[in-house]
Amino acid sequence: MNKAYLKYQLKRWLPLFIVMALVTFSISMLAATLTSAYSSYHWLILDNQQLVRYGRGYDASQIYWAMFIPSLLFALFLPLVGDSYRFYKSAADAFYSAPMKEGDIRKSRHLLLLCMLLIAFTFSFWMAVLVYGLRVSYVTLPDSTNPPSIPVEGAEGTVFFRPEVHYWGFLVMYAFCLLALLFQYGYSCFWSKLANDTGNAIMMIVLGTFLLMCIPFVFVEIPQAHSISFYRYLNPFILGNLSPIFEVFIIHRLCSCLINYGKFAVGFGDSGNTIYGCFTISLFLVLGILSVLDLFLGRERKGEDAGSITSPTRLSKGVVVGVFTIANFIYPAQLKEPGSYFTIIVLAIVLTAGCYIFLAILNRRLKLSKKELLLPGIVIIGSLLAFTFNLACILISRSNSATAIALLL
Amino acid sequence: MKIEVNSISKSFGSTKAINELSLSLDPGVIGLVGENGAGKSTLFRLLSGVMHPDKGVILIDGFEASTMQAKEKIFYLPDDPYAEKDATPASIYNLYSCFYKIDKEGYLSLLNELNLPLNKKIATFSKGMKRQTFIALSLNVDTEIMLLDEAFDGLDPLVVSIIKEKLLLKAEEGKLIFIASHNISTLDRLCERFVLLYKGSLAVNGQEQDMASSMVKYQAAFKGEFSEGKLHAYGFEAISYRRLGSIHNFVIKEDEARIEALRREEDPILLEQVPIAPDEAIALRMALARKESKEGE
């Protein structure tokens with residue numbers, strides 16, 4: 001790698017680093033000072049014995065969200081900054097003609113941004129942990145006059161114990177957060193690499209992340225499903241897990257799992273979610289490793305498309321198709337009432353319009369050719385078919401077979 | 001130092017930007033001319049390794065253009081050079097010196113000579129000032145080959161003459177300077193050879209005098225009515241025809257016998273051959289290439 005360029009770029013990106021560090025630090029500190037020490041952080045502050053005795057749910061902690069999500073959002077969109085040298089023709093001319101090994105410029109820029117992101121996160125994370133630890137130990141205990149304790153009803157009567165912050169738990173969480181940030185950065189780089197300009201890169205990252213969030217939902221069945229619709233195996237799963245950020249759940253579950261001494265089911269609640277947990281974690285790890293490998297060992301995109309508003313690649317069109325096909329599965333699943341015709345029409349129109357808009361952005365023109373219009377056409381027909389089929393299943397389940405058959409016909 | 005281009009082709013979708021182009025270039029100042037869309041910038045992007053040809057090979061001193069060894073020998077100044085939004089002449093030196101060996105003293109002194117402020121944002125510069133800054137930089141980059149795309153675009157005549165002088169000095173040092181321009185007059189008294197591209201193909205690769213070879217320019221006045229159609233009647237394909245009052249100026253392919261026939265039949269008051277100016281020769285060669293291409297179609 002070109003050390004002189006690394007040094008130059010580091011100086012250029014110093015303000016960005018400071019902003020990043022300040023944003024993550026402020027949010028973490030806010031969470032560390034405002035979060036209730038007891039209600040939200042059982043799984044990190046209680047040891048196993050106490051967990052058994054205390055026996056309450058171990059929900060996600062507010063402090064964890066606040067410490068991780070700002071950095072995750074940076075990881076999601078920071079690759080746009082790293083890839084910006086490809087998004088303008090003039091920049092591509094300068095960097096692709098510069099005497100460097102193929103891919104060196106990309107690696108240098110992304111390595112630098114990744115280090116900045118991880119350093120900013122590390123700093124804010126441990127500062128927040130420190131503040132939180134101090135609070136738990138000295139400030140916000142339930143009763144500062146009496147020995148700090150929580151009364152718990154148990155088999156041996158009421159038990160009192162003093163919660164302690166287990167810093168190794170934070171260390172595990174920190175390690176997983178680092179991995180998650182690295183992998184998220186890798187994913188975003190992968191999607192951003194498909195684009196030739198900033199607008200398309202943002203779109204690819206958003207669609208790619210959405211696709212990643214949706215993939216597990218399509219393949220995994222939930223035995224405890226209770227919906228009456230055709231999607232009864234899929235519906236609660238989708239509704240229950242359409243999280244804004246896929247990795248947040250994964251990290252949280254991994255942490256829960258480890259901190260609860262390998263009691264996987266405790267963290268996931270039920271066997272269905274355990275299957276889902278295993279699947280998503282495996283998928284997350286495999287895709288994460290692959291995308292990071294692609295970032296640092298993969299082939300560089302050629303300079304000729306850089307900054308040019310050329311026809312979108314097959315892959316980027318494929319992503320749009322994938323996202324809207326999945327949406328075709330997901331949205332009809334929301335339909336539970338036979339009388340929701342208006343909803344059907346509105347959702348079908350929204351899906352079609354969404355598909356059209358994404359293709360228009362990708363092509364950088366509002367008027368699509370007849371060939372390009374085929375995809376929104378498939379989406380609207382697919383949506384209507386999916387909705388109708390779902391509605392027919394609902395009617396069949398309610399013994400209204402005649403209407404159902406009429407609908408299907 | 002040599003650039004060898006062997007039957008390269010480059011297409012963008014259905015558009016052929018470069019078509020079976022072969023070239024061999026030695027040190028000196030060489031002009032790359034051609035009308036808009038002829039493929040000049042594409043050729044430069046291929047030579048500098050920004051793009052890769054679909055077919056054929058480009059060798060820079062024996063190394064393939066996309067290799068690091070080849071790129072070390074080339075500095076490419078595109079028509080729209082890259083500078084960060086808040087870049088100053090000082091900061092572009094810092095950026096480009098990461099990749100190239102640049103004579104800082106020479107750069108600063110040339111900036112001074114061109115009256116360019118060192119620490120003012122380039123974004124506030126006029127088009128010409130921005131151009132001057134980058135030319136000053138490229139003149140001080142220590143590479144054996146310079147590819148300058150539309151180098152003189154937007155520059156005033158004084159600056160053009162200063163830069164021409166510097167470029168000639170560089171050429172004397174044994175560098176290969178390849179300058180693309182659609183404004184032929186700016187290349188006057190600078191290039192010792194010209195490469196003329198037409199629709200991605202090589203139309204001419206030669207010296208200035210080669211551009212006008214086989215073409216003759218006449219100035220004529222006739223007693224009766226005369227028009228371009230009459231030239232056709234004598235079997236001439238006018239490369240250029242202009243009429244100013246009773247004076248007719250036309251450029252045709254050299255054909256002594258037909259000129260004699262014209263002289264005999266029309267009995268002109270004036271029919272004399274006039275020299276073709278160098279920049280005019282290139283323009284005429286471009287017109288000829290266009291005409292031949294149309295005939296070919």
# chains A, B, ... in the order shown; residues from 1 in each chain; ligands from 1
$ residues_around --residues "stretch 259-271 of chain B" --least-positions-apart "6" --cutoff "12 Å" --atoms "only C-alpha atoms" --output "number ranges by chain"
B: 216-227, 230-236, 246-253
$ write_last_selection --atoms "C-alpha atoms" --output "PDB file, in the first residue's frame"
ATOM      1  CA  VAL B 216      -4.072  21.669 -53.099  1.00  0.00           C
ATOM      2  CA  LYS B 217      -5.707  24.953 -52.386  1.00  0.00           C
ATOM      3  CA  TYR B 218      -6.712  27.284 -55.190  1.00  0.00           C
ATOM      4  CA  GLN B 219      -7.842  30.858 -55.314  1.00  0.00           C
ATOM      5  CA  ALA B 220      -9.827  31.671 -58.441  1.00  0.00           C
ATOM      6  CA  ALA B 221     -12.004  34.252 -60.170  1.00  0.00           C
ATOM      7  CA  PHE B 222     -14.104  33.526 -63.215  1.00  0.00           C
ATOM      8  CA  LYS B 223     -15.742  35.629 -65.879  1.00  0.00           C
ATOM      9  CA  GLY B 224     -18.965  33.733 -65.786  1.00  0.00           C
ATOM     10  CA  GLU B 225     -20.933  32.016 -63.064  1.00  0.00           C
ATOM     11  CA  PHE B 226     -19.015  29.404 -61.061  1.00  0.00           C
ATOM     12  CA  SER B 227     -20.066  27.195 -58.183  1.00  0.00           C
ATOM     13  CA  LYS B 230     -19.003  23.022 -61.517  1.00  0.00           C
ATOM     14  CA  LEU B 231     -16.041  21.543 -59.624  1.00  0.00           C
ATOM     15  CA  HIS B 232     -18.004  18.299 -59.432  1.00  0.00           C
ATOM     16  CA  ALA B 233     -18.612  18.528 -63.160  1.00  0.00           C
ATOM     17  CA  TYR B 234     -14.859  18.521 -63.701  1.00  0.00           C
ATOM     18  CA  GLY B 235     -14.560  15.432 -61.511  1.00  0.00           C
ATOM     19  CA  PHE B 236     -13.286  17.261 -58.410  1.00  0.00           C
ATOM     20  CA  SER B 246     -16.122  36.978 -56.965  1.00  0.00           C
ATOM     21  CA  ILE B 247     -13.208  35.116 -55.362  1.00  0.00           C
ATOM     22  CA  HIS B 248     -13.560  31.351 -55.018  1.00  0.00           C
ATOM     23  CA  ASN B 249     -11.361  29.426 -52.593  1.00  0.00           C
ATOM     24  CA  PHE B 250     -11.363  25.671 -52.835  1.00  0.00           C
ATOM     25  CA  VAL B 251      -9.263  22.759 -51.713  1.00  0.00           C
ATOM     26  CA  ILE B 252      -9.206  19.657 -53.838  1.00  0.00           C
ATOM     27  CA  LYS B 253      -7.190  16.500 -54.211  1.00  0.00           C
TER      28      LYS B 253
END
$ interface_residues --of "chain A" --to "chain B" --cutoff "9 Å" --atoms "only C-alpha atoms" --output "PyMOL selection string"
chain A and resi 2-6+8-9+88-102+302-305
$ residues_around --residues "B:Ser201" --least-positions-apart "6" --cutoff "9 Å" --atoms "only C-alpha atoms" --output "PyMOL selection string"
chain B and resi 17-22+38-39
$ write_last_selection --atoms "N, CA, C and O atoms" --output "PDB file, in the first residue's frame"
ATOM      1  N   ALA B  17     -15.676   3.237 -29.841  1.00  0.00           N
ATOM      2  CA  ALA B  17     -14.913   4.459 -29.567  1.00  0.00           C
ATOM      3  C   ALA B  17     -13.551   4.393 -30.248  1.00  0.00           C
ATOM      4  O   ALA B  17     -13.056   5.384 -30.789  1.00  0.00           O
ATOM      5  N   ILE B  18     -12.924   3.242 -30.195  1.00  0.00           N
ATOM      6  CA  ILE B  18     -11.626   3.029 -30.852  1.00  0.00           C
ATOM      7  C   ILE B  18     -11.768   1.764 -31.691  1.00  0.00           C
ATOM      8  O   ILE B  18     -12.243   0.739 -31.217  1.00  0.00           O
ATOM      9  N   ASN B  19     -11.311   1.879 -32.937  1.00  0.00           N
ATOM     10  CA  ASN B  19     -11.524   0.761 -33.849  1.00  0.00           C
ATOM     11  C   ASN B  19     -10.209   0.347 -34.526  1.00  0.00           C
ATOM     12  O   ASN B  19      -9.689   1.070 -35.372  1.00  0.00           O
ATOM     13  N   GLU B  20      -9.691  -0.784 -34.127  1.00  0.00           N
ATOM     14  CA  GLU B  20      -8.488  -1.367 -34.755  1.00  0.00           C
ATOM     15  C   GLU B  20      -7.380  -0.327 -34.933  1.00  0.00           C
ATOM     16  O   GLU B  20      -6.820  -0.175 -36.014  1.00  0.00           O
ATOM     17  N   LEU B  21      -7.053   0.350 -33.862  1.00  0.00           N
ATOM     18  CA  LEU B  21      -6.060   1.421 -33.950  1.00  0.00           C
ATOM     19  C   LEU B  21      -4.661   0.891 -33.673  1.00  0.00           C
ATOM     20  O   LEU B  21      -4.434   0.190 -32.687  1.00  0.00           O
ATOM     21  N   SER B  22      -3.744   1.238 -34.562  1.00  0.00           N
ATOM     22  CA  SER B  22      -2.336   0.882 -34.347  1.00  0.00           C
ATOM     23  C   SER B  22      -1.495   2.148 -34.470  1.00  0.00           C
ATOM     24  O   SER B  22      -1.734   2.969 -35.365  1.00  0.00           O
ATOM     25  N   ALA B  38     -14.111  11.817 -31.542  1.00  0.00           N
ATOM     26  CA  ALA B  38     -13.257  10.998 -32.416  1.00  0.00           C
ATOM     27  C   ALA B  38     -12.587   9.862 -31.645  1.00  0.00           C
ATOM     28  O   ALA B  38     -12.103   8.902 -32.240  1.00  0.00           O
ATOM     29  N   GLY B  39     -12.535   9.991 -30.318  1.00  0.00           N
ATOM     30  CA  GLY B  39     -11.910   8.947 -29.500  1.00  0.00           C
ATOM     31  C   GLY B  39     -10.596   9.378 -28.866  1.00  0.00           C
ATOM     32  O   GLY B  39      -9.847   8.540 -28.350  1.00  0.00           O
TER      33      GLY B  39
END
$ select_by_dssp --residues "stretch 13-211 of chain B" --states "strand (DSSP E)" --output "PyMOL selection string"
chain B and resi 15-25+28-33+55-60+63-64+74-77+145-149+176-181+193-198+201-206
$ write_last_selection --atoms "N, CA and C atoms" --output "short mmCIF file (atom, residue, chain, number, x, y, z; two decimals), in the first residue's frame"
data_model
loop_
_atom_site.label_atom_id
_atom_site.label_comp_id
_atom_site.auth_asym_id
_atom_site.auth_seq_id
_atom_site.Cartn_x
_atom_site.Cartn_y
_atom_site.Cartn_z
N THR B 15 -21.45 1.50 -29.34
CA THR B 15 -20.59 2.55 -29.92
C THR B 15 -19.13 2.11 -29.92
N LYS B 16 -18.53 2.14 -31.09
CA LYS B 16 -17.11 1.80 -31.17
C LYS B 16 -16.30 3.08 -30.99
N ALA B 17 -15.68 3.24 -29.84
CA ALA B 17 -14.91 4.46 -29.57
C ALA B 17 -13.55 4.39 -30.25
N ILE B 18 -12.92 3.24 -30.19
CA ILE B 18 -11.63 3.03 -30.85
C ILE B 18 -11.77 1.76 -31.69
N ASN B 19 -11.31 1.88 -32.94
CA ASN B 19 -11.52 0.76 -33.85
C ASN B 19 -10.21 0.35 -34.53
N GLU B 20 -9.69 -0.78 -34.13
CA GLU B 20 -8.49 -1.37 -34.76
C GLU B 20 -7.38 -0.33 -34.93
N LEU B 21 -7.05 0.35 -33.86
CA LEU B 21 -6.06 1.42 -33.95
C LEU B 21 -4.66 0.89 -33.67
N SER B 22 -3.74 1.24 -34.56
CA SER B 22 -2.34 0.88 -34.35
C SER B 22 -1.50 2.15 -34.47
N LEU B 23 -0.57 2.29 -33.58
CA LEU B 23 0.26 3.51 -33.53
C LEU B 23 1.62 3.18 -32.96
N SER B 24 2.59 3.99 -33.31
CA SER B 24 3.88 3.87 -32.65
C SER B 24 4.39 5.29 -32.43
N LEU B 25 4.68 5.63 -31.19
CA LEU B 25 5.08 7.00 -30.88
C LEU B 25 6.44 7.05 -30.19
N GLY B 28 9.12 13.34 -28.19
CA GLY B 28 8.86 14.56 -28.94
C GLY B 28 7.47 15.05 -28.58
N VAL B 29 7.09 16.15 -29.20
CA VAL B 29 5.73 16.66 -28.95
C VAL B 29 4.82 16.19 -30.08
N ILE B 30 3.83 15.45 -29.73
CA ILE B 30 2.93 14.87 -30.74
C ILE B 30 1.51 15.36 -30.46
N GLY B 31 0.87 15.82 -31.49
CA GLY B 31 -0.50 16.31 -31.35
C GLY B 31 -1.50 15.22 -31.69
N LEU B 32 -2.53 15.13 -30.88
CA LEU B 32 -3.61 14.18 -31.17
C LEU B 32 -4.82 15.03 -31.54
N VAL B 33 -5.20 14.96 -32.79
CA VAL B 33 -6.32 15.80 -33.23
C VAL B 33 -7.47 14.94 -33.77
N LYS B 55 -9.78 -5.27 -27.20
CA LYS B 55 -8.96 -6.09 -28.09
C LYS B 55 -7.63 -5.36 -28.32
N GLY B 56 -6.57 -6.09 -28.56
CA GLY B 56 -5.28 -5.47 -28.86
C GLY B 56 -4.48 -5.19 -27.60
N VAL B 57 -3.26 -4.68 -27.83
CA VAL B 57 -2.33 -4.46 -26.71
C VAL B 57 -1.72 -3.06 -26.80
N ILE B 58 -1.51 -2.47 -25.63
CA ILE B 58 -0.79 -1.19 -25.58
C ILE B 58 0.47 -1.43 -24.77
N LEU B 59 1.60 -1.10 -25.35
CA LEU B 59 2.86 -1.28 -24.63
C LEU B 59 3.51 0.07 -24.38
N ILE B 60 3.86 0.32 -23.12
CA ILE B 60 4.56 1.55 -22.76
C ILE B 60 5.98 1.12 -22.40
N PHE B 63 6.07 -2.40 -21.44
CA PHE B 63 5.16 -2.88 -20.39
C PHE B 63 3.71 -2.62 -20.80
N GLU B 64 2.85 -3.54 -20.44
CA GLU B 64 1.44 -3.35 -20.76
C GLU B 64 0.89 -2.13 -19.98
N ILE B 74 4.07 7.37 -16.96
CA ILE B 74 3.08 8.26 -17.58
C ILE B 74 2.43 9.21 -16.57
N PHE B 75 2.27 10.45 -16.97
CA PHE B 75 1.40 11.34 -16.21
C PHE B 75 0.27 11.77 -17.15
N TYR B 76 -0.93 11.50 -16.72
CA TYR B 76 -2.09 11.80 -17.56
C TYR B 76 -2.86 12.98 -16.96
N LEU B 77 -2.98 14.03 -17.75
CA LEU B 77 -3.78 15.18 -17.32
C LEU B 77 -5.07 15.19 -18.13
N ILE B 145 6.57 10.23 -19.98
CA ILE B 145 5.48 10.49 -20.94
C ILE B 145 4.44 11.40 -20.29
N MET B 146 3.99 12.40 -21.04
CA MET B 146 2.91 13.26 -20.56
C MET B 146 1.75 13.16 -21.53
N LEU B 147 0.58 12.87 -21.00
CA LEU B 147 -0.62 12.85 -21.84
C LEU B 147 -1.47 14.03 -21.42
N LEU B 148 -1.59 15.01 -22.28
CA LEU B 148 -2.33 16.22 -21.92
C LEU B 148 -3.59 16.33 -22.78
N ASP B 149 -4.72 16.20 -22.12
CA ASP B 149 -5.99 16.23 -22.85
C ASP B 149 -6.55 17.65 -22.83
N LEU B 176 8.25 12.26 -24.02
CA LEU B 176 7.21 12.11 -25.04
C LEU B 176 5.98 12.87 -24.55
N ILE B 177 5.62 13.90 -25.27
CA ILE B 177 4.47 14.71 -24.86
C ILE B 177 3.37 14.55 -25.91
N PHE B 178 2.28 13.98 -25.48
CA PHE B 178 1.17 13.69 -26.40
C PHE B 178 0.02 14.61 -25.99
N ILE B 179 -0.31 15.55 -26.88
CA ILE B 179 -1.32 16.55 -26.53
C ILE B 179 -2.54 16.40 -27.42
N ALA B 180 -3.68 16.25 -26.79
CA ALA B 180 -4.91 16.16 -27.55
C ALA B 180 -5.59 17.52 -27.58
N SER B 181 -6.13 17.86 -28.73
CA SER B 181 -6.86 19.11 -28.82
C SER B 181 -7.82 19.07 -30.00
N ARG B 193 4.78 16.16 -34.83
CA ARG B 193 3.98 15.14 -35.53
C ARG B 193 2.52 15.26 -35.07
N PHE B 194 1.66 14.74 -35.91
CA PHE B 194 0.24 14.75 -35.57
C PHE B 194 -0.37 13.36 -35.80
N VAL B 195 -1.25 13.04 -34.90
CA VAL B 195 -2.04 11.82 -35.08
C VAL B 195 -3.47 12.29 -35.24
N LEU B 196 -4.07 11.96 -36.35
CA LEU B 196 -5.45 12.38 -36.60
C LEU B 196 -6.37 11.18 -36.47
N LEU B 197 -7.32 11.31 -35.54
CA LEU B 197 -8.30 10.23 -35.34
C LEU B 197 -9.61 10.63 -35.98
N TYR B 198 -10.22 9.66 -36.60
CA TYR B 198 -11.57 9.90 -37.11
C TYR B 198 -12.42 8.68 -36.76
N SER B 201 -10.67 5.62 -35.55
CA SER B 201 -9.64 4.99 -36.40
C SER B 201 -8.57 6.01 -36.75
N LEU B 202 -7.43 5.50 -37.11
CA LEU B 202 -6.33 6.39 -37.46
C LEU B 202 -6.53 6.91 -38.87
N ALA B 203 -6.62 8.25 -39.01
CA ALA B 203 -6.75 8.83 -40.35
C ALA B 203 -5.36 9.18 -40.88
N VAL B 204 -4.56 9.84 -40.06
CA VAL B 204 -3.19 10.21 -40.46
C VAL B 204 -2.27 10.12 -39.25
N ASN B 205 -1.06 9.68 -39.46
CA ASN B 205 -0.03 9.74 -38.42
C ASN B 205 1.23 10.22 -39.12
N GLY B 206 1.48 11.51 -39.02
CA GLY B 206 2.63 12.04 -39.74
C GLY B 206 2.97 13.44 -39.31
#
$ closest_residue --among "A:Leu366, A:Leu297, A:Leu14, A:Leu385" --to "A:Met116" --atoms "only C-alpha atoms"
A:Leu14
$ select_by_dssp --residues "stretch 75-243 of chain B" --states "alpha helix (DSSP H)" --output "ChimeraX atom specification"
/B:89-96,104-113,127-139,157-172,208-211,228-233
$ atom_distance --atom1 "atom CA of B:Thr186" --atom2 "atom CA of B:Lys101"
28.3 Å
$ atom_distance --atom1 "atom CA of A:Leu30" --atom2 "atom CA of A:Ser124"
10.9 Å
$ residues_around --residues "stretch 197-200 of chain A" --least-positions-apart "5" --cutoff "12 Å" --atoms "only C-alpha atoms" --output "CSV table (one decimal) with C-alpha atoms, in the first residue's frame"
chain,number,residue,atom,x,y,z
A,77,PHE,CA,-22.8,4.3,4.8
A,78,LEU,CA,-19.1,5.1,5.4
A,79,PRO,CA,-18.1,2.9,2.4
A,80,LEU,CA,-19.6,5.6,0.2
A,81,VAL,CA,-16.8,7.9,1.3
A,82,GLY,CA,-14.3,5.2,0.7
A,83,ASP,CA,-15.6,4.5,-2.8
A,84,SER,CA,-16.1,8.1,-3.8
A,85,TYR,CA,-12.9,8.1,-5.9
A,86,ARG,CA,-14.8,5.8,-8.3
A,87,PHE,CA,-18.0,7.9,-8.4
A,88,TYR,CA,-16.5,10.8,-10.4
A,89,LYS,CA,-14.9,10.5,-13.7
A,91,ALA,CA,-11.3,11.2,-9.7
A,92,ALA,CA,-11.2,7.9,-11.5
A,191,TRP,CA,-23.0,-3.3,-2.5
A,192,SER,CA,-21.3,0.0,-3.0
A,205,ILE,CA,-26.5,-0.4,0.1
A,206,VAL,CA,-30.1,0.1,1.2
A,207,LEU,CA,-31.5,-2.6,-1.1
A,208,GLY,CA,-28.6,-5.0,-0.3
A,305,ASP,CA,-17.5,2.8,-15.7
A,306,ALA,CA,-16.4,5.1,-12.9
A,307,GLY,CA,-18.6,8.1,-12.6
A,308,SER,CA,-20.5,7.2,-15.7
A,309,ILE,CA,-24.2,7.0,-15.8
A,310,THR,CA,-24.3,3.9,-17.9
A,311,SER,CA,-26.9,1.2,-17.9
A,312,PRO,CA,-27.1,-0.5,-14.6
A,313,THR,CA,-25.3,-3.9,-14.3
A,316,SER,CA,-27.8,-4.4,-9.6
A,317,LYS,CA,-31.0,-5.1,-11.6
A,319,VAL,CA,-30.9,-6.9,-6.5
A,320,VAL,CA,-34.0,-4.8,-7.4
A,358,PHE,CA,-35.8,2.2,-8.0
A,359,LEU,CA,-35.3,1.3,-11.6
A,360,ALA,CA,-35.6,5.0,-12.6
A,361,ILE,CA,-32.9,5.9,-10.1
A,362,LEU,CA,-30.7,3.1,-11.3
A,363,ASN,CA,-31.1,4.2,-14.9
A,364,ARG,CA,-31.0,7.9,-14.0
